[in-house]
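**Student:** Data file coords_35.cif (mmCIF, C-alpha atoms) is appended below.
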data_structure
#
loop_
_atom_site.label_atom_id
_atom_site.label_comp_id
_atom_site.auth_asym_id
_atom_site.auth_seq_id
_atom_site.Cartn_x
_atom_site.Cartn_y
_atom_site.Cartn_z
CA MET A 1 13.47 49.10 22.08
CA GLU A 2 13.97 47.08 25.26
CA VAL A 3 16.35 44.14 24.76
CA GLU A 4 16.58 41.53 27.51
CA ILE A 5 18.03 38.10 28.07
CA LYS A 6 15.33 35.85 29.55
CA LEU A 7 16.25 32.44 30.95
CA ARG A 8 13.52 30.26 32.50
CA LEU A 9 14.24 28.18 35.62
CA PRO A 10 12.32 24.93 36.00
CA ASP A 11 11.13 25.14 39.61
CA ALA A 12 11.39 26.66 43.08
CA ALA A 13 14.44 24.55 43.94
CA ALA A 14 16.39 26.05 41.03
CA HIS A 15 15.26 29.52 42.09
CA ARG A 16 16.46 28.93 45.67
CA ARG A 17 19.81 27.58 44.45
CA LEU A 18 20.44 30.59 42.22
CA SER A 19 19.29 32.99 44.96
CA ALA A 20 21.83 31.47 47.34
CA HIS A 21 24.59 31.61 44.75
CA LEU A 22 23.91 35.29 44.00
CA ALA A 23 23.22 36.35 47.60
CA PRO A 24 26.47 38.37 48.06
CA ARG A 25 25.52 40.48 45.04
CA LEU A 26 21.95 41.26 46.14
CA ARG A 27 21.17 44.99 46.05
CA ARG A 28 17.41 45.19 46.61
CA THR A 29 14.16 43.25 46.40
CA HIS A 30 10.89 44.56 45.01
CA ALA A 31 7.38 43.27 45.60
CA GLN A 32 5.44 44.12 42.45
CA ARG A 33 1.79 43.98 41.44
CA ASN A 34 1.13 44.11 37.69
CA LEU A 35 -2.28 45.10 36.34
CA PHE A 36 -3.22 45.15 32.64
CA PHE A 37 -5.77 47.38 30.95
CA ASP A 38 -7.51 47.03 27.60
CA ALA A 39 -10.87 47.48 25.93
CA ALA A 40 -13.61 44.93 26.53
CA ALA A 41 -12.87 43.58 23.04
CA CYS A 42 -9.15 43.29 23.92
CA SER A 43 -8.15 45.65 21.11
CA LEU A 44 -4.64 46.16 22.47
CA ALA A 45 -3.90 42.47 22.94
CA ALA A 46 -5.16 41.78 19.42
CA ALA A 47 -2.60 44.32 18.16
CA SER A 48 0.24 42.71 20.17
CA ALA A 49 0.24 45.52 22.71
CA ALA A 50 -0.01 45.53 26.50
CA LEU A 51 -0.85 48.47 28.76
CA ARG A 52 0.42 47.81 32.27
CA VAL A 53 0.37 49.55 35.62
CA ARG A 54 3.07 48.24 37.95
CA LEU A 55 2.80 48.95 41.66
CA TYR A 56 5.98 48.71 43.73
CA ASP A 57 6.30 47.93 47.43
CA GLU A 58 9.80 48.05 48.82
CA ARG A 59 8.63 45.89 51.74
CA PRO A 60 6.16 43.11 50.92
CA ASP A 61 4.09 43.88 54.04
CA ASP A 62 3.35 47.45 52.88
CA ARG A 63 -0.22 47.87 51.71
CA PHE A 64 0.29 51.23 49.99
CA PRO A 65 2.66 51.19 47.00
CA SER A 66 5.83 53.26 47.20
CA ARG A 67 5.64 54.06 43.49
CA ALA A 68 3.78 53.16 40.32
CA VAL A 69 4.77 53.01 36.65
CA LEU A 70 2.55 53.02 33.56
CA ALA A 71 4.01 51.20 30.55
CA LEU A 72 2.97 50.38 27.01
CA LYS A 73 4.72 47.41 25.44
CA ARG A 74 4.27 46.60 21.77
CA ARG A 75 5.34 44.11 19.13
CA PRO A 76 7.22 41.66 21.38
CA ARG A 77 9.64 39.20 19.81
CA ILE A 78 11.66 36.54 21.57
CA ASP A 79 14.21 34.22 20.02
CA ALA A 80 16.68 31.92 21.76
CA GLY A 81 16.19 33.71 25.05
CA VAL A 82 16.65 37.22 23.62
CA SER A 83 13.53 39.37 24.04
CA ARG A 84 12.92 42.56 22.07
CA VAL A 85 9.91 44.77 22.66
CA GLU A 86 8.98 48.38 21.95
CA GLU A 87 8.38 50.04 25.31
CA VAL A 88 7.46 53.46 26.65
CA GLU A 89 6.88 54.07 30.34
CA GLU A 90 6.27 56.88 32.79
CA PRO A 91 5.78 57.20 36.55
CA ILE A 92 2.29 57.89 37.84
CA ASP A 93 1.02 58.77 41.27
CA PRO A 94 0.51 55.58 43.33
CA ALA A 95 -2.82 56.80 44.69
CA LEU A 96 -4.00 57.43 41.13
CA ALA A 97 -2.83 53.97 40.09
CA LEU A 98 -4.89 52.42 42.89
CA ALA A 99 -7.91 54.49 41.86
CA CYS A 100 -7.59 53.17 38.29
CA ALA A 101 -7.41 49.62 39.62
CA ASP A 102 -10.74 50.20 41.38
CA ASP A 103 -12.31 52.11 38.46
CA PRO A 104 -10.43 51.29 35.23
CA ALA A 105 -12.29 53.90 33.17
CA CYS A 106 -10.45 56.56 35.20
CA LEU A 107 -7.24 55.61 33.42
CA GLY A 108 -8.55 57.23 30.24
CA GLU A 109 -8.92 60.55 32.06
CA ILE A 110 -5.40 61.01 33.37
CA ASP A 111 -2.97 63.46 31.77
CA SER A 112 -0.50 61.01 30.25
CA PRO A 113 1.41 60.78 26.94
CA ILE A 114 0.93 57.01 27.01
CA VAL A 115 -2.83 57.26 27.50
CA ARG A 116 -3.01 59.75 24.63
CA LEU A 117 -0.92 57.43 22.45
CA VAL A 118 -3.25 54.51 23.17
CA ALA A 119 -6.29 56.67 22.37
CA ASP A 120 -4.78 57.96 19.12
CA GLU A 121 -3.41 54.66 17.80
CA TYR A 122 -5.87 52.11 19.19
CA GLY A 123 -8.98 54.15 19.93
CA VAL A 124 -9.15 52.87 23.49
CA GLY A 125 -9.70 54.93 26.63
CA GLY A 126 -12.51 57.35 25.74
CA ASP A 127 -16.17 57.29 26.72
CA ALA A 128 -17.06 55.11 23.74
CA ILE A 129 -14.41 52.47 24.45
CA PRO A 130 -13.40 52.77 28.10
CA PHE A 131 -10.62 50.83 29.72
CA ILE A 132 -11.32 47.69 31.67
CA CYS A 133 -8.86 45.90 33.94
CA LEU A 134 -7.99 42.43 32.69
CA GLY A 135 -6.44 41.48 36.04
CA GLY A 136 -2.81 40.65 36.57
CA PHE A 137 -0.22 38.88 38.65
CA SER A 138 2.27 39.53 41.43
CA ASN A 139 6.01 39.27 41.21
CA THR A 140 8.93 39.29 43.63
CA ARG A 141 12.04 40.64 41.92
CA ALA A 142 15.50 40.32 43.43
CA VAL A 143 18.02 42.67 41.83
CA TYR A 144 21.71 41.78 41.71
CA GLU A 145 24.81 43.50 40.39
CA LEU A 146 27.35 41.32 38.62
CA GLU A 147 30.80 42.46 37.46
CA ASP A 148 32.30 40.87 34.37
CA GLU A 149 34.99 41.71 31.85
CA GLY A 150 32.57 43.86 29.86
CA GLY A 151 31.41 45.94 32.84
CA GLY A 152 28.63 45.76 35.40
CA LEU A 153 25.40 43.88 34.74
CA VAL A 154 22.10 44.24 36.57
CA LEU A 155 20.40 40.86 36.96
CA GLU A 156 16.74 40.44 37.91
CA LEU A 157 15.56 37.15 39.37
CA ASP A 158 11.77 36.87 39.24
CA GLU A 159 9.30 34.69 41.11
CA THR A 160 6.01 35.37 39.33
CA ARG A 161 2.76 34.20 40.90
CA PHE A 162 -0.22 33.73 38.61
CA ASP A 163 -3.61 32.40 39.68
CA PHE A 164 -2.72 29.16 37.90
CA GLY A 165 0.91 28.65 38.94
CA THR A 166 4.33 30.17 39.58
CA SER A 167 7.16 30.77 37.13
CA TYR A 168 10.84 31.58 37.73
CA GLU A 169 13.01 33.60 35.39
CA LEU A 170 16.38 35.34 35.25
CA GLU A 171 16.45 38.54 33.19
CA CYS A 172 19.06 41.08 32.19
CA GLU A 173 18.52 44.17 30.05
CA THR A 174 21.46 44.78 27.74
CA ALA A 175 22.67 46.35 24.51
CA GLU A 176 24.96 43.34 23.99
CA PRO A 177 22.61 40.35 24.02
CA ASP A 178 24.99 37.77 22.55
CA ARG A 179 27.77 38.50 25.02
CA VAL A 180 25.51 38.81 28.04
CA LYS A 181 23.65 35.61 27.23
CA GLU A 182 26.96 33.77 27.35
CA VAL A 183 27.78 35.39 30.71
CA LEU A 184 24.44 34.30 32.21
CA GLU A 185 24.67 30.79 30.80
CA ARG A 186 28.15 30.45 32.32
CA LEU A 187 26.87 31.78 35.65
CA LEU A 188 24.03 29.25 35.77
CA THR A 189 26.31 26.39 34.78
CA VAL A 190 28.81 27.24 37.54
CA ALA A 191 25.94 27.51 40.05
CA GLY A 192 24.59 24.12 38.96
CA VAL A 193 21.20 25.62 38.09
CA PRO A 194 19.23 24.13 35.15
CA TYR A 195 17.60 26.53 32.72
CA GLU A 196 16.10 26.90 29.27
CA TYR A 197 15.54 29.84 26.96
CA SER A 198 12.27 31.63 27.62
CA ARG A 199 10.01 31.45 24.58
CA THR A 200 7.12 33.60 25.83
CA ASN A 201 6.71 36.57 28.13
CA LYS A 202 4.73 36.90 31.35
CA PHE A 203 1.83 38.71 29.71
CA ALA A 204 1.41 35.87 27.20
CA CYS A 205 1.20 33.40 30.10
CA PHE A 206 -1.36 35.61 31.80
CA LEU A 207 -3.53 35.79 28.67
CA ALA A 208 -3.24 32.04 28.06
CA GLY A 209 -4.24 31.23 31.63
CA LYS A 210 -1.42 28.70 31.96
CA LEU A 211 2.35 28.51 32.29
CA LEU A 212 4.00 28.60 28.90
CA PRO A 213 7.64 27.69 28.11
#
Could I get this structure in the form of structure tokens?
**Tutor:**
Amino acid sequence: MEVEIKLRLPDAAAHRRLSAHLAPRLRRTHAQRNLFFDAAACSLAAASAALRVRLYDERPDDRFPSRAVLALKRRPRIDAGVSRVEEVEEPIDPALALACADDPACLGEIDSPIVRLVADEYGVGGDAIPFICLGGFSNTRAVYELEDEGGGLVLELDETRFDFGTSYELECETAEPDRVKEVLERLLTVAGVPYEYSRTNKFACFLAGKLLP
């Protein structure tokens, strides 16, 4: 179970203000491309599941990804900015990930526990019901390390670019959601950055074709 705090920022100005405030704590920045796979009938989405390939470029001008990760997320729930989702993930070869982007049916042929799980539980990925690529979105993720009285926190500040708009979000994975939410709310208040609790995830926005709160 992945548990994250998700706080939505209203606009690019708030994102810039928080970026400047956190700048001394910046550790790395990732350029990400997220692609989603399903059956033509969207069997996974109908079952509240998302199969994602994420391509990472350490430098945004790189054309070939430095690494790729396959993930299956299921049964997402989000309440008052606390997101819980069942997740399994595994690294895959970047060249293979690019091949699946060009020919989505190839994804069903790779030797992967996640692909086998999707075939067994959802019946998707074989010759009868091959994968298709639904599309996706790009994301720039700045990763920060923040020390507080409870220990170190890893913060992720996202600028997510959809075909229909851009969203901004601060995330932190944690086993102590109540405490960490208070830490992040205090941080944003001190920085003078407005925010609200995220009520949907990025995949839901992608499926809806519009920015959701």
**Student:** What lies within 8 Å of Ala97 of chain A using all atoms listed in the file, ignoring chain neighbours under 4 positions off, as a list in words?
**Tutor:**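 Residues meeting the cut-off are Val53, Leu55, Ala68, Ile92, Asp93 and Ala101 of chain A.
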**Student:** Can you list what the PyMOL selection byres ((chain A and resi 128) around 12) grabs from this structure, as a ChimeraX atom specification?
**Tutor:** /A:39-40,105,108,119,123-127,129-131
**Student:** Applied to this file, what does the PyMOL selection byres ((chain A and resi 65) around 6) return in terms of residues, put as an NGL selection string?
**Tutor:** :A and (55-57 or 64 or 66-67)
**Student:** Rounded to one decimal, what separation in Å do you get between atom CA of Leu146 of chain A and atom CA of Leu212 of chain A?
**Tutor:**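 According to the coordinates, atom CA of Leu146 of chain A and atom CA of Leu212 of chain A are separated by 28.3 Å.
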**Student:** To verify the selection step, state as a short mmCIF file (atom, residue, chain, number, x, y, z; two decimals) with C-alpha atoms, keeping the file's coordinate frame which residues the PyMOL selection byres ((chain A and resi 185-197) around 7) yields on this input.
**Tutor:**
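Printed below is expr.cif as written:
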data_model
loop_
_atom_site.label_atom_id
_atom_site.label_comp_id
_atom_site.auth_asym_id
_atom_site.auth_seq_id
_atom_site.Cartn_x
_atom_site.Cartn_y
_atom_site.Cartn_z
CA LYS A 6 15.33 35.85 29.55
CA LEU A 7 16.25 32.44 30.95
CA ARG A 8 13.52 30.26 32.50
CA LEU A 9 14.24 28.18 35.62
CA PRO A 10 12.32 24.93 36.00
CA ALA A 14 16.39 26.05 41.03
CA ARG A 17 19.81 27.58 44.45
CA LEU A 18 20.44 30.59 42.22
CA HIS A 21 24.59 31.61 44.75
CA ALA A 80 16.68 31.92 21.76
CA GLY A 81 16.19 33.71 25.05
CA LYS A 181 23.65 35.61 27.23
CA GLU A 182 26.96 33.77 27.35
CA VAL A 183 27.78 35.39 30.71
CA LEU A 184 24.44 34.30 32.21
CA SER A 198 12.27 31.63 27.62
CA ARG A 199 10.01 31.45 24.58
#
**Student:** For Asp158 of chain A, please output as a PyMOL selection string all residues within 7 Å (counting all atoms listed in the file; exclusion window: fewer than 2 positions along the same chain).
**Tutor:** chain A and resi 139-142+156+160+168-170
**Student:** Between A:Ala204, A:Val85, A:Ile5, A:Ala13, which has the minimum distance to Glu171 of chain A (counting all atoms listed in the file)?
**Tutor:** A:Ile5
**Student:** What is the distance between atom CA of Gly151 of chain A and atom CA of Val82 of chain A, in Å to one decimal?
**Tutor:**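 Atom CA of Val82 of chain A lies 19.5 Å from atom CA of Gly151 of chain A.
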**Student:** Taking only C-alpha atoms into account, which of A:Val88, A:Leu155, A:Leu207, A:Ala95 comes nearest Ser19 of chain A?
**Tutor:**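 Among the listed residues, A:Leu155 lies closest to Ser19 of chain A.
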**Student:** Could you give me, as a list in words, the residues within 10 Å of Glu121 of chain A, counting all atoms listed in the file and dropping anything in the same chain fewer than 4 positions from it?
**Tutor:**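 Surrounding residues, per the criterion: Leu44, Arg116 and Leu117 of chain A.
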**Student:** Could you tell me how far atom CA of Phe203 of chain A sits from atom CA of Leu134 of chain A, in Å to one decimal place?
**Tutor:**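 Here the two named atoms are 10.9 Å from each other.
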**Student:** For each of A:Glu2, A:Asp120, A:Glu159, A:Asp148, take the minimum atom-to-atom distance to Glu89 of chain A, counting all atoms listed in the file, then give the residue where this is smallest.
**Tutor:**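 Among the listed residues, the smallest separation from Glu89 of chain A belongs to A:Glu2.
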**Student:** So which one's closest to Val69 of chain A, A:Leu96, A:Cys133, A:Val3, A:Val143? Using all atoms listed in the file, please.
**Tutor:**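 Smallest distance to Val69 of chain A is found for A:Leu96.
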**Student:** Grab all the atoms of segment 143-158 of chain A that the file lists, wrap them in a box along x, y and z, add 8 Å per side, and give me centre plus edge lengths in Å (one decimal) as JSON.
**Tutor:**
{"center_x": 23.4, "center_y": 41.4, "center_z": 35.8, "size_x": 39.2, "size_y": 25.1, "size_z": 28.0}
**Student:** Nearest to Pro104 of chain A: which of A:Arg74, A:His15, A:Arg52, A:Lys210 is it, counting all atoms listed in the file?
**Tutor:**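 So, comparing all the options, the nearest one is A:Arg52.
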**Student:** At a cut-off of 7 Å from (13.2, 51.7, 22.0) in the coordinates of the file, what residues are picked up using only C-alpha atoms, written as a VMD selection string?
**Tutor:** chain A and resid 1 to 2 86 to 87
